[in-house]
Amino acid sequence: MDIFLVEAIINGILLGGVLALLALGLNLIFGVIDVVWIAYADIVMCGMYVIYVLYTHYDVPLLFACLAGIAGMAAFGVAVHLLIIAPVLNSAPINQLLATGGLLFFLQSFATLLFGTDFRNIGVRLPVVEVASIYISFARLIAFLFGLIGAVALYLFLKRTYIGTAIRAVAQDRDIVGLMGIDQRRIYLATSAIGGALAGLAACLLVLQYDVHPFIGNTFGPVIFMICVLGGLGNMIGGFVASFIISQIIAIGGYYSNTELSYVLAFTMFIILMFVRPRGLFAR
Amino acid sequence: MLSLSAVSAGYGSFQVLFDVSLEVPRGEAVGVIGSNGAGKTTLMRVISGLIPLRAGTMTLEGLPLAGLPAHRIVEQGIAHVPEHRRLFPRLTVEENLRIGAFIPRARRRFAAQLDRVYALFPRLKERRQQPAGTLSGGEQQMCAIGRALMSDPKLLLLDEPSAGLAPLVVRQVFELIRRIRGEGLTVLIVEQNVQQVLDVVDRAYLLEVGAIRLAGTADELKGNRFIRQSYMGL
Amino acid sequence: MSRLGASAFALAALAAVLPAAGPAYFLHLLIQILIWASVYTAWALMGRFGFVSFGHGAFVGVGAYVPALLWNYFGLTPWVGIPAGIALAILVAVVIGYPCFRLRVVGHYFALVTLALSQVVLLTLVAAREITGGSLGFTPKAAGHSWYALQFPEKTYFYVIALMLWLLALSVWRWIDGGINREALEAISEDEDAAAAIGIDVLREKLRITVLSAALTALGGAIYGQYMMYLNPESVSGIAVSLQIVFAAIAGGVYSLLGPTVGALLTISLTEGLRVWFGVTFIGAANTIYGALLVLCIIFMPQGIVGTLRRAMAARAPKAAAAD
């Protein structure tokens, strides 16, 4: 097989790790709170700027800058829930979509106001690893590994802790969790914090590979929605698998044509799959 | 123990309960009987805080309950087994039981409570790793009651425990309720199945279109002509 | 004639006199408002029945690019090119709409399928950069003042065209509003199964309103392209344009004839006003405020501006009557 195709496939798998992380976060929020955060990818953008500013302007060591990014985005997730989601929790779904869509617009514009539209990077260039004459970017490898670690950590949290179990319970039957002594509002806040933290983690992994600019959310935001819907909104395992399918379509499509067309292919496949499996690929 | 006085409640502009008063003494089992739509489930939901009460007072051991949200009422010692059981279908049996012990007081005693529930319902122990949605109707009812017991309540509310179950299973469920009573727990049970419920409770109330029509000991109601004709088909 | 019809007519009469009054920039603003008001009204044709499309950016893009491409590469007059663009938009609407409605893709899922559609059009335009100029944009060949090319350096011409477009959009709205289909569509938006049970052809009704909405949107896109004489994938297609359409329509109010127009009036004059206010020193400041206002608007005025005003007036009326 063509060595460049192999590279494309491997890069696809590595990209899938980060997409999976984001799909998990978005799916968690949808499954539990029943709201789609259209601006989810833009929270990642905010996280990237936090790390960028701390690292390049305040000389904070990269590791701490990343931890601050994760913690900051967790707090940001809570703020988004309190300020924007909570007031529209009982409104029509379309108004919820629009409220977070307005946030998308706000965040992109505000980032433009603060940083301009320039592409910025943290200036850390990690080496490229050569394995059997295949070149793999170390940054992508790290991103993939941490993406998986994040996914496993989330799984264990949901499976092993009281709060995690309660989060899953809310996703299954939100009306009666009060009878178990669970305060639904607190579970929503916890979920938003976790969703924000996952976006923060994704920001750490992406800032190593890509330049940050105010509209970076637009490049992968729509892809994350496609993944979540393909996997079945709220179905975490489905979303995880769908991440790797979509990332392969993008990577292999990019190998045979150009990047835009590979995205066109991914979106078209998505539309067709929606018709074939309207409730997602892995609908129960 | 639980005391309701002149309670009114409803949904939106639709009033369901009118001036309902009732008493559940410590250690007793009390039944509320009535036909479909009489307001029995609404009564349960008011007591456990799922819907607010509009007028009247509600106390548990003299402490006022009105205005507390559902999750705070669980902490006061009331556990509610909802109509149709409402297990979390994709959580395992044991995870359902763990959710039942979510409040801090119960979490500390989780292991002991789990042993108690498994001793009461050995079937649940056999199936503890199974998703609750795969249990049979009777097992689901056991799991729902077990989940409520995990919070170590003073008062157990049972909403239509026999609904949707086969006759044989219904008999088993009432047998279980008798066993729980034997442990000294106070129970308030709401049922359409008048004959069976009057066999397990000490006293009962008849609820019709949102108001209490009759009250008395189980034997009194069993002998009541109106109840025999309208609710027991005798 | 209803009160709404009368106010629309009054507004149109006022609009006819306006251009003489202001400077060229003012006219430019007015043309944009009218064109986008038509597009928002076209979106609201569907949106008011709960069919929320995030894909109307695709129709604007198709409507704008097709006549421009045909003009530059084949010298084909927009008088043919615009209908061709509309035809393609209708085709796209049917290709996406038919399976969607047939297979009951609704709610979030419909919103996301249409979102994907708008991205497909955007990315195709960018990817076909040899033909479309990609993200650098596309400029139709200038032909001076020409009816054949539908190009007029004099803004007044486009003002009249935009005004006619807007009146067309309003009359389509009125036509749907007064027609028998409205009740069918309302029944469908309440409950599809119940609507089907009483003999409504759900698929046909939904498809019809979608096609109408897409065609009108594409026409708006075409006029916009002809007027601006410059097309950019980001400004006539994709998620950003789709969201802009949905926002403005909802902000104005989708349940009233002039709601989307009010939405266009407010959002465009707000962005322009903020842009003039902040100038180029603070890029993004205008949109930051705009975004914040959108969020506040959705939280506090879920019925839209017109809907909220109307409700406030309705609440006041009985009190006034009681006082008499």
# chains A, B, ... in the order shown; residues from 1 in each chain; ligands from 1

call {"tool": "interface_residues", "arguments": {"of": "chain B", "to": "chain A", "cutoff": "10 Å", "atoms": "only C-alpha atoms", "output": "PyMOL selection string"}}
result
chain B and resi 45+48-50+69-76+78-82+86-91+95-104+107+147-148+150-151

call {"tool": "residues_around", "arguments": {"residues": "B:Gln140", "least_positions_apart": "6", "cutoff": "12 Å", "atoms": "only C-alpha atoms", "output": "JSON, numbers by chain"}}
result
{"B": [81, 82, 83, 84, 85, 86, 87, 88, 89, 92, 93, 96, 97, 121, 123, 124, 127, 128, 130, 131, 132, 133, 134, 146, 147, 161, 162, 163, 164, 165, 169, 173]}

call {"tool": "residues_around", "arguments": {"residues": "stretch 160-163 of chain C", "least_positions_apart": "4", "cutoff": "8 Å", "atoms": "only C-alpha atoms", "output": "VMD selection string"}}
result
chain C and resid 12 31 34 to 35 156 167 223

call {"tool": "interface_residues", "arguments": {"of": "chain C", "to": "chain A", "cutoff": "9 Å", "atoms": "only C-alpha atoms", "output": "PyMOL selection string"}}
result
chain C and resi 50+52+96+99-100+103-105+107-109+111-117+119-124+126-128+239-240+243+246-247+250+282-300+302

call {"tool": "closest_residue", "arguments": {"among": "C:Arg174, C:Lys206, C:Arg275, C:Arg310", "to": "C:Phe51", "atoms": "only C-alpha atoms"}}
result
C:Lys206

call {"tool": "select_by_dssp", "arguments": {"residues": "stretch 19-89 of chain B", "states": "alpha helix (DSSP H)", "output": "list in words"}}
result
Lys40, Thr41, Thr42, Leu43, Met44, Arg45, Val46, Ile47, Ala70, His71, Arg72, Ile73, Val74, Glu75 and Gln76 of chain B

call {"tool": "atom_distance", "arguments": {"atom1": "atom CA of B:Leu114", "atom2": "atom CA of B:Glu28"}}
result
24.2 Å

call {"tool": "atom_distance", "arguments": {"atom1": "atom CA of A:Leu281", "atom2": "atom CA of A:Leu22"}}
result
18.2 Å

call {"tool": "decode", "arguments": {"residues": "stretch 59-81 of chain C", "atoms": "N, CA, C and O atoms", "output": "PDB file, in the first residue's frame"}}
result
ATOM      1  N   PHE C  59     -29.008  28.045   0.162  1.00  0.00           N
ATOM      2  CA  PHE C  59     -29.850  28.555  -0.926  1.00  0.00           C
ATOM      3  C   PHE C  59     -29.400  29.945  -1.355  1.00  0.00           C
ATOM      4  O   PHE C  59     -29.421  30.268  -2.544  1.00  0.00           O
ATOM      5  N   VAL C  60     -29.002  30.766  -0.385  1.00  0.00           N
ATOM      6  CA  VAL C  60     -28.467  32.083  -0.732  1.00  0.00           C
ATOM      7  C   VAL C  60     -27.242  31.898  -1.626  1.00  0.00           C
ATOM      8  O   VAL C  60     -27.108  32.538  -2.676  1.00  0.00           O
ATOM      9  N   GLY C  61     -26.360  30.985  -1.234  1.00  0.00           N
ATOM     10  CA  GLY C  61     -25.126  30.755  -1.975  1.00  0.00           C
ATOM     11  C   GLY C  61     -25.391  30.278  -3.390  1.00  0.00           C
ATOM     12  O   GLY C  61     -24.822  30.803  -4.353  1.00  0.00           O
ATOM     13  N   VAL C  62     -26.276  29.289  -3.520  1.00  0.00           N
ATOM     14  CA  VAL C  62     -26.599  28.770  -4.851  1.00  0.00           C
ATOM     15  C   VAL C  62     -27.208  29.871  -5.709  1.00  0.00           C
ATOM     16  O   VAL C  62     -26.810  30.092  -6.860  1.00  0.00           O
ATOM     17  N   GLY C  63     -28.160  30.595  -5.119  1.00  0.00           N
ATOM     18  CA  GLY C  63     -28.834  31.654  -5.856  1.00  0.00           C
ATOM     19  C   GLY C  63     -27.874  32.742  -6.305  1.00  0.00           C
ATOM     20  O   GLY C  63     -28.024  33.320  -7.383  1.00  0.00           O
ATOM     21  N   ALA C  64     -26.866  33.028  -5.492  1.00  0.00           N
ATOM     22  CA  ALA C  64     -25.939  34.105  -5.828  1.00  0.00           C
ATOM     23  C   ALA C  64     -24.879  33.646  -6.829  1.00  0.00           C
ATOM     24  O   ALA C  64     -24.536  34.376  -7.767  1.00  0.00           O
ATOM     25  N   TYR C  65     -24.349  32.445  -6.624  1.00  0.00           N
ATOM     26  CA  TYR C  65     -23.211  32.008  -7.439  1.00  0.00           C
ATOM     27  C   TYR C  65     -23.615  31.555  -8.840  1.00  0.00           C
ATOM     28  O   TYR C  65     -22.886  31.813  -9.804  1.00  0.00           O
ATOM     29  N   VAL C  66     -24.750  30.871  -8.974  1.00  0.00           N
ATOM     30  CA  VAL C  66     -25.102  30.309 -10.280  1.00  0.00           C
ATOM     31  C   VAL C  66     -25.193  31.381 -11.376  1.00  0.00           C
ATOM     32  O   VAL C  66     -24.519  31.267 -12.408  1.00  0.00           O
ATOM     33  N   PRO C  67     -25.979  32.450 -11.188  1.00  0.00           N
ATOM     34  CA  PRO C  67     -26.041  33.460 -12.259  1.00  0.00           C
ATOM     35  C   PRO C  67     -24.692  34.125 -12.515  1.00  0.00           C
ATOM     36  O   PRO C  67     -24.338  34.381 -13.677  1.00  0.00           O
ATOM     37  N   ALA C  68     -23.924  34.360 -11.443  1.00  0.00           N
ATOM     38  CA  ALA C  68     -22.624  35.017 -11.615  1.00  0.00           C
ATOM     39  C   ALA C  68     -21.667  34.137 -12.419  1.00  0.00           C
ATOM     40  O   ALA C  68     -20.969  34.613 -13.325  1.00  0.00           O
ATOM     41  N   LEU C  69     -21.653  32.843 -12.100  1.00  0.00           N
ATOM     42  CA  LEU C  69     -20.769  31.919 -12.821  1.00  0.00           C
ATOM     43  C   LEU C  69     -21.201  31.803 -14.281  1.00  0.00           C
ATOM     44  O   LEU C  69     -20.365  31.840 -15.197  1.00  0.00           O
ATOM     45  N   LEU C  70     -22.501  31.662 -14.501  1.00  0.00           N
ATOM     46  CA  LEU C  70     -23.008  31.531 -15.873  1.00  0.00           C
ATOM     47  C   LEU C  70     -22.688  32.789 -16.681  1.00  0.00           C
ATOM     48  O   LEU C  70     -22.361  32.722 -17.866  1.00  0.00           O
ATOM     49  N   TRP C  71     -22.756  33.921 -16.051  1.00  0.00           N
ATOM     50  CA  TRP C  71     -22.475  35.196 -16.716  1.00  0.00           C
ATOM     51  C   TRP C  71     -20.994  35.275 -17.110  1.00  0.00           C
ATOM     52  O   TRP C  71     -20.646  35.546 -18.252  1.00  0.00           O
ATOM     53  N   ASN C  72     -20.113  34.979 -16.168  1.00  0.00           N
ATOM     54  CA  ASN C  72     -18.686  35.118 -16.448  1.00  0.00           C
ATOM     55  C   ASN C  72     -18.174  34.095 -17.451  1.00  0.00           C
ATOM     56  O   ASN C  72     -17.357  34.407 -18.295  1.00  0.00           O
ATOM     57  N   TYR C  73     -18.642  32.848 -17.325  1.00  0.00           N
ATOM     58  CA  TYR C  73     -18.055  31.794 -18.147  1.00  0.00           C
ATOM     59  C   TYR C  73     -18.789  31.600 -19.468  1.00  0.00           C
ATOM     60  O   TYR C  73     -18.211  31.188 -20.457  1.00  0.00           O
ATOM     61  N   PHE C  74     -20.094  31.856 -19.507  1.00  0.00           N
ATOM     62  CA  PHE C  74     -20.841  31.616 -20.738  1.00  0.00           C
ATOM     63  C   PHE C  74     -21.515  32.864 -21.275  1.00  0.00           C
ATOM     64  O   PHE C  74     -22.221  32.813 -22.279  1.00  0.00           O
ATOM     65  N   GLY C  75     -21.340  33.978 -20.578  1.00  0.00           N
ATOM     66  CA  GLY C  75     -21.970  35.213 -21.032  1.00  0.00           C
ATOM     67  C   GLY C  75     -23.488  35.156 -20.987  1.00  0.00           C
ATOM     68  O   GLY C  75     -24.168  35.926 -21.661  1.00  0.00           O
ATOM     69  N   LEU C  76     -23.991  34.213 -20.176  1.00  0.00           N
ATOM     70  CA  LEU C  76     -25.435  34.025 -20.107  1.00  0.00           C
ATOM     71  C   LEU C  76     -26.053  35.136 -19.250  1.00  0.00           C
ATOM     72  O   LEU C  76     -25.587  35.412 -18.140  1.00  0.00           O
ATOM     73  N   THR C  77     -27.102  35.739 -19.748  1.00  0.00           N
ATOM     74  CA  THR C  77     -27.723  36.837 -19.011  1.00  0.00           C
ATOM     75  C   THR C  77     -28.345  36.336 -17.697  1.00  0.00           C
ATOM     76  O   THR C  77     -28.897  35.231 -17.642  1.00  0.00           O
ATOM     77  N   PRO C  78     -28.255  37.143 -16.643  1.00  0.00           N
ATOM     78  CA  PRO C  78     -28.886  36.770 -15.366  1.00  0.00           C
ATOM     79  C   PRO C  78     -30.385  36.536 -15.508  1.00  0.00           C
ATOM     80  O   PRO C  78     -30.979  35.862 -14.670  1.00  0.00           O
ATOM     81  N   TRP C  79     -30.972  37.072 -16.569  1.00  0.00           N
ATOM     82  CA  TRP C  79     -32.411  36.820 -16.761  1.00  0.00           C
ATOM     83  C   TRP C  79     -32.664  35.337 -16.958  1.00  0.00           C
ATOM     84  O   TRP C  79     -33.758  34.857 -16.680  1.00  0.00           O
ATOM     85  N   VAL C  80     -31.655  34.623 -17.422  1.00  0.00           N
ATOM     86  CA  VAL C  80     -31.739  33.164 -17.499  1.00  0.00           C
ATOM     87  C   VAL C  80     -31.012  32.547 -16.297  1.00  0.00           C
ATOM     88  O   VAL C  80     -31.454  31.554 -15.718  1.00  0.00           O
ATOM     89  N   GLY C  81     -29.900  33.181 -15.943  1.00  0.00           N
ATOM     90  CA  GLY C  81     -29.067  32.645 -14.864  1.00  0.00           C
ATOM     91  C   GLY C  81     -29.786  32.595 -13.530  1.00  0.00           C
ATOM     92  O   GLY C  81     -29.655  31.623 -12.777  1.00  0.00           O
TER      93      GLY C  81
END
